[in-house]
Amino acid sequence: MTDPTLISFEALLARVQGILERCGVRPESAAAVAQVIVAGERDACKSHGIYRLEGCLRVLAAGKVDPQAVPQIHDAGRAVIEVDAGGGFSNPAFYAAKDLLAARAKEMGLAALVIRDCLHFSALWHDVEALAADGLAALSMCPSYAFVAPAGGREPLLGTNPIAFGWPRAGATPYVFDFATSVAARGEIELHRRAGTPIPEGWAVDREGKPTTDPEAALDGAMLTFGAHKGSAISTMVELLSGAMLGEFMSREALDFMGGSAALLPRHGALVLALDPQVFAARSGRDPIAEGEKLLTAIGAQGARLPSERRFAARAKALRDGIPLSAAELAQLERFERL
Ligand code: NDP
Ligand code: PYC
C-alpha cells in the first residue's frame, strides 16, 4: 500500500457505525456490526475488514436484511440457548446472548448458542475470543454460500464454511484459530480480483473443472476445500451441525434464497459451543489451562507460530500507530458517508 493514512480504531469505528446508522441500522446493531468490521481491519484480516461494509450496504439496499431487527433470546434454562436474529445481522444476536451462553457453560460445563435467521458476513474469531476472555473454550461455525466443490467433485455445493476455536490462556492472548474450510475465504479471492492479481494454485477450478489462478474464473467456477478429503469432511460437518441440525439453511439453500446472487451476503444460522475446561477437568485434579500451556509453549519452542499471533501483533501495532487505510479505501468510506 503506498502511503496509507493511519486512522485510530475509535475514529474508524465511529465512522463505520455512523454510515450504518444513516443507512437505517438501529444503533445497537450498527455498533455490533461496526465493531467486527473495524476489528477485522485493525487485526489485518482484510478479507473481513472494511471491505465488508460495501456488502452490508448492498444487502441493506436490497432489503435482504432487517436493519431494525432486535434479537430475541429463547431460553428454557437448558444447555441449548436460542437467539433469533429475525433476519438482522448475526453480530448483535451473538452479543445479545453471549453472557448468558458463558454463564450457562460455567453452570453446566458446556452450552450451545443457536443463532437463527441471521445475515452473516463476518469472521468468527470475535465469538471465540469473547468466550475465551471469560475463561471458556469455544467453537463457532456456520455455513455460507455453495461456492465450494466437495473433494472428488467439481460442482459448487458446500459453503466456505468457517470454523473457529478458542482456548483461554492465563496472562496471555488466547489460542484462537479461525479459517474457512475452503483453501481460502471467498473474500480473499475477491480481493485478488479487485487488485488484478492471480490467486495461488490449488485454490479453485474454473467452470470446466480445470485448475485456475484467474480470480474471475475461480469465482465463476468452484473453490476447493483445504486438505482435500479432510477439509471436505470438516466442511460437510459444518453444514450438518450449523445447517441441518439447527433446521436452518445449508449453503445451497442460502444461495437459492438470495436468488442465486453471490453479490448479496448470505442469510442462514450459526452455532457457537462454549465449554468450561475447569468443569471438565475438575475430577482429574489437574489444571487444564496449565496443561494446555505446556503444549502451546512446546509449539512455540520449535519456532512455530501459533494461529492468531500475527493477528494479535497487527492489533497491537494498529492500536499504537493507527489502522492503515489506502487512498481507495478512504475514498470509498467518504463516498459511503455521502449516501
Ligand atoms: P487463513 O487461511 O488466512 O487462516 C486463518 C487462520 O490460520 C488464522 O487463525 C491464522 O492466524 C492462522 N494461520 C495462518 N497462517 C498461519 C501459520 N503460518 N501458522 C499458524 N497459524 C496460521 O483464513 P481464511 O482465508 O480461511 O479465513 C479468513 C476469515 O474468513 C476467517 O476469519 C473466517 O471466519 C472468515 N470467513 C467467514 C465466512 C462466513 O461465512 N462468515 C466464510 C469463510 C471465511 P493469523 O490470523 O494470526 O494469521
Ligand atoms: O469470505 O468466504 C467468505 C465469506 C462468505 C460469507 C462471508 N465471508
# chains A, B, ... in the order shown; residues from 1 in each chain; ligands from 1
>>> closest_atom_pairs(of="chain A", to="ligand 2", cutoff="8 Å", atoms="only C-alpha atoms and all ligand atoms", output="JSON lines")
{"residue": "A:Ser47", "atom": "CA", "partner": "ligand 2", "partner_atom_place_in_ligand_line": "1 (O)", "distance": 6.4}
{"residue": "A:His48", "atom": "CA", "partner": "ligand 2", "partner_atom_place_in_ligand_line": "8 (N)", "distance": 7.0}
{"residue": "A:His120", "atom": "CA", "partner": "ligand 2", "partner_atom_place_in_ligand_line": "7 (C)", "distance": 6.4}
{"residue": "A:Phe121", "atom": "CA", "partner": "ligand 2", "partner_atom_place_in_ligand_line": "7 (C)", "distance": 3.9}
{"residue": "A:Ser122", "atom": "CA", "partner": "ligand 2", "partner_atom_place_in_ligand_line": "7 (C)", "distance": 5.7}
{"residue": "A:Ala123", "atom": "CA", "partner": "ligand 2", "partner_atom_place_in_ligand_line": "8 (N)", "distance": 7.1}
{"residue": "A:Ser144", "atom": "CA", "partner": "ligand 2", "partner_atom_place_in_ligand_line": "6 (C)", "distance": 5.2}
{"residue": "A:Tyr145", "atom": "CA", "partner": "ligand 2", "partner_atom_place_in_ligand_line": "5 (C)", "distance": 6.5}
{"residue": "A:Gly159", "atom": "CA", "partner": "ligand 2", "partner_atom_place_in_ligand_line": "2 (O)", "distance": 7.5}
{"residue": "A:Thr160", "atom": "CA", "partner": "ligand 2", "partner_atom_place_in_ligand_line": "2 (O)", "distance": 4.9}
{"residue": "A:Asn161", "atom": "CA", "partner": "ligand 2", "partner_atom_place_in_ligand_line": "2 (O)", "distance": 7.4}
{"residue": "A:Pro162", "atom": "CA", "partner": "ligand 2", "partner_atom_place_in_ligand_line": "2 (O)", "distance": 7.8}
{"residue": "A:Ala180", "atom": "CA", "partner": "ligand 2", "partner_atom_place_in_ligand_line": "2 (O)", "distance": 6.7}
{"residue": "A:Ser182", "atom": "CA", "partner": "ligand 2", "partner_atom_place_in_ligand_line": "2 (O)", "distance": 7.9}
{"residue": "A:Ala184", "atom": "CA", "partner": "ligand 2", "partner_atom_place_in_ligand_line": "2 (O)", "distance": 7.4}
{"residue": "A:Ala185", "atom": "CA", "partner": "ligand 2", "partner_atom_place_in_ligand_line": "2 (O)", "distance": 3.9}
{"residue": "A:Arg186", "atom": "CA", "partner": "ligand 2", "partner_atom_place_in_ligand_line": "2 (O)", "distance": 3.6}
{"residue": "A:Gly187", "atom": "CA", "partner": "ligand 2", "partner_atom_place_in_ligand_line": "1 (O)", "distance": 3.8}
{"residue": "A:Glu188", "atom": "CA", "partner": "ligand 2", "partner_atom_place_in_ligand_line": "1 (O)", "distance": 6.5}
{"residue": "A:Leu265", "atom": "CA", "partner": "ligand 2", "partner_atom_place_in_ligand_line": "6 (C)", "distance": 6.2}
{"residue": "A:Pro266", "atom": "CA", "partner": "ligand 2", "partner_atom_place_in_ligand_line": "6 (C)", "distance": 6.3}
>>> write_last_selection(atoms="C-alpha atoms", output="compact mmCIF listing (two decimals), in the first residue's frame")
# COMPACT_ATOMS: atom_id res chain seq x y z
CA SER A 47 -10.98 -10.25 3.80
CA HIS A 48 -13.40 -9.39 6.63
CA HIS A 120 -23.76 -13.46 8.29
CA PHE A 121 -20.71 -11.81 6.82
CA SER A 122 -18.07 -11.74 9.50
CA ALA A 123 -15.03 -13.58 10.71
CA SER A 144 -22.14 -19.70 3.84
CA TYR A 145 -22.91 -19.96 0.11
CA GLY A 159 -20.02 -23.30 1.61
CA THR A 160 -16.69 -21.79 2.53
CA ASN A 161 -17.94 -22.88 5.96
CA PRO A 162 -15.67 -21.27 8.53
CA ALA A 180 -12.66 -21.17 6.04
CA SER A 182 -12.12 -23.86 1.61
CA ALA A 184 -9.07 -19.59 1.36
CA ALA A 185 -12.09 -17.45 2.16
CA ARG A 186 -14.04 -16.20 -0.86
CA GLY A 187 -13.25 -12.69 0.35
CA GLU A 188 -9.55 -13.41 -0.37
CA LEU A 265 -24.29 -11.69 1.81
CA PRO A 266 -25.79 -14.99 3.00
>>> closest_atom_pairs(of="range 82-196 of chain A", to="range 24-42 of chain A", cutoff="9 Å", atoms="only C-alpha atoms", output="Markdown table")
| residue | atom | partner | partner_atom | distance |
| --- | --- | --- | --- | --- |
| A:Gly88 | CA | A:Ser29 | CA | 8.4 |
| A:Phe89 | CA | A:Ser29 | CA | 7.4 |
| A:Ser90 | CA | A:Val33 | CA | 8.4 |
| A:Asn91 | CA | A:Ala32 | CA | 5.8 |
| A:Pro92 | CA | A:Ser29 | CA | 5.2 |
| A:Ala93 | CA | A:Ser29 | CA | 8.6 |
| A:Tyr95 | CA | A:Ala32 | CA | 7.6 |
| A:Ser122 | CA | A:Val36 | CA | 7.0 |
| A:Ala123 | CA | A:Gly40 | CA | 7.6 |
| A:His126 | CA | A:Val36 | CA | 7.1 |
>>> select_by_dssp(residues="range 178-331 of chain A", states="strand (DSSP E or B)", output="PDB file with C-alpha atoms, in the first residue's frame")
ATOM      1  CA  ASP A 178     -10.372 -19.250  12.571  1.00  0.00           C
ATOM      2  CA  PHE A 179     -10.471 -20.274   8.936  1.00  0.00           C
ATOM      3  CA  SER A 182     -12.121 -23.855   1.615  1.00  0.00           C
ATOM      4  CA  ALA A 204     -10.078 -23.182  -7.246  1.00  0.00           C
ATOM      5  CA  VAL A 205     -11.160 -24.702 -10.555  1.00  0.00           C
ATOM      6  CA  PRO A 211      -7.368 -25.657 -12.101  1.00  0.00           C
ATOM      7  CA  THR A 212      -7.194 -21.863 -12.381  1.00  0.00           C
ATOM      8  CA  ALA A 222     -15.703 -23.780  -7.826  1.00  0.00           C
ATOM      9  CA  MET A 223     -13.461 -23.220  -4.865  1.00  0.00           C
ATOM     10  CA  LEU A 224     -11.623 -26.197  -3.322  1.00  0.00           C
ATOM     11  CA  THR A 225     -11.570 -27.438   0.254  1.00  0.00           C
ATOM     12  CA  ARG A 267     -28.648 -15.457   5.426  1.00  0.00           C
ATOM     13  CA  HIS A 268     -28.616 -18.671   7.495  1.00  0.00           C
ATOM     14  CA  GLY A 269     -27.976 -19.856  11.055  1.00  0.00           C
ATOM     15  CA  ALA A 270     -24.870 -20.282  13.172  1.00  0.00           C
ATOM     16  CA  LEU A 271     -23.756 -22.476  16.057  1.00  0.00           C
ATOM     17  CA  VAL A 272     -21.494 -21.448  18.934  1.00  0.00           C
ATOM     18  CA  LEU A 273     -20.387 -24.003  21.545  1.00  0.00           C
ATOM     19  CA  ALA A 274     -18.902 -22.945  24.879  1.00  0.00           C
ATOM     20  CA  LEU A 275     -17.111 -25.356  27.217  1.00  0.00           C
ATOM     21  CA  ILE A 323      -5.105   1.451  11.238  1.00  0.00           C
ATOM     22  CA  PRO A 324      -3.607   1.869   7.750  1.00  0.00           C
ATOM     23  CA  LEU A 325      -6.158   2.627   5.031  1.00  0.00           C
TER      24      LEU A 325
END
>>> residues_around(residues="Met108 in chain A", least_positions_apart="4", cutoff="10 Å", atoms="only C-alpha atoms", output="VMD selection string")
chain A and resid 78 to 79 103 to 104 275 to 276 279 to 280
>>> closest_residue(among="A:Val183, A:Ala218, A:Leu240, A:Ala301", to="ligand 1", atoms="only C-alpha atoms and all ligand atoms")
A:Val183
>>> select_by_dssp(residues="range 89-331 of chain A", states="alpha helix (DSSP H)", output="JSON, numbers by chain")
{"A": [90, 91, 92, 93, 94, 95, 96, 97, 98, 99, 100, 101, 102, 103, 104, 105, 106, 107, 108, 125, 126, 127, 128, 129, 130, 131, 132, 186, 187, 188, 189, 190, 191, 192, 193, 194, 195, 215, 216, 217, 218, 219, 220, 229, 230, 231, 232, 233, 234, 235, 236, 237, 238, 239, 251, 252, 253, 254, 255, 256, 257, 277, 278, 279, 280, 281, 288, 289, 290, 291, 292, 293, 294, 295, 296, 297, 298, 299, 300, 301, 309, 310, 311, 312, 313, 314, 315, 316, 317, 318, 319, 320, 321, 327, 328, 329, 330, 331]}
>>> closest_residue(among="A:Ala61, A:Ala164, A:Ala146, A:Ala195", to="ligand 1", atoms="only C-alpha atoms and all ligand atoms")
A:Ala164
>>> closest_atom_pairs(of="range 156-257 of chain A", to="range 286-294 of chain A", cutoff="9 Å", atoms="only C-alpha atoms", output="JSON lines")
{"residue": "A:Trp167", "atom": "CA", "partner": "A:Ile289", "partner_atom": "CA", "distance": 8.5}
{"residue": "A:Pro168", "atom": "CA", "partner": "A:Ile289", "partner_atom": "CA", "distance": 7.1}
{"residue": "A:Arg169", "atom": "CA", "partner": "A:Ile289", "partner_atom": "CA", "distance": 6.3}
{"residue": "A:Ala170", "atom": "CA", "partner": "A:Ile289", "partner_atom": "CA", "distance": 7.1}
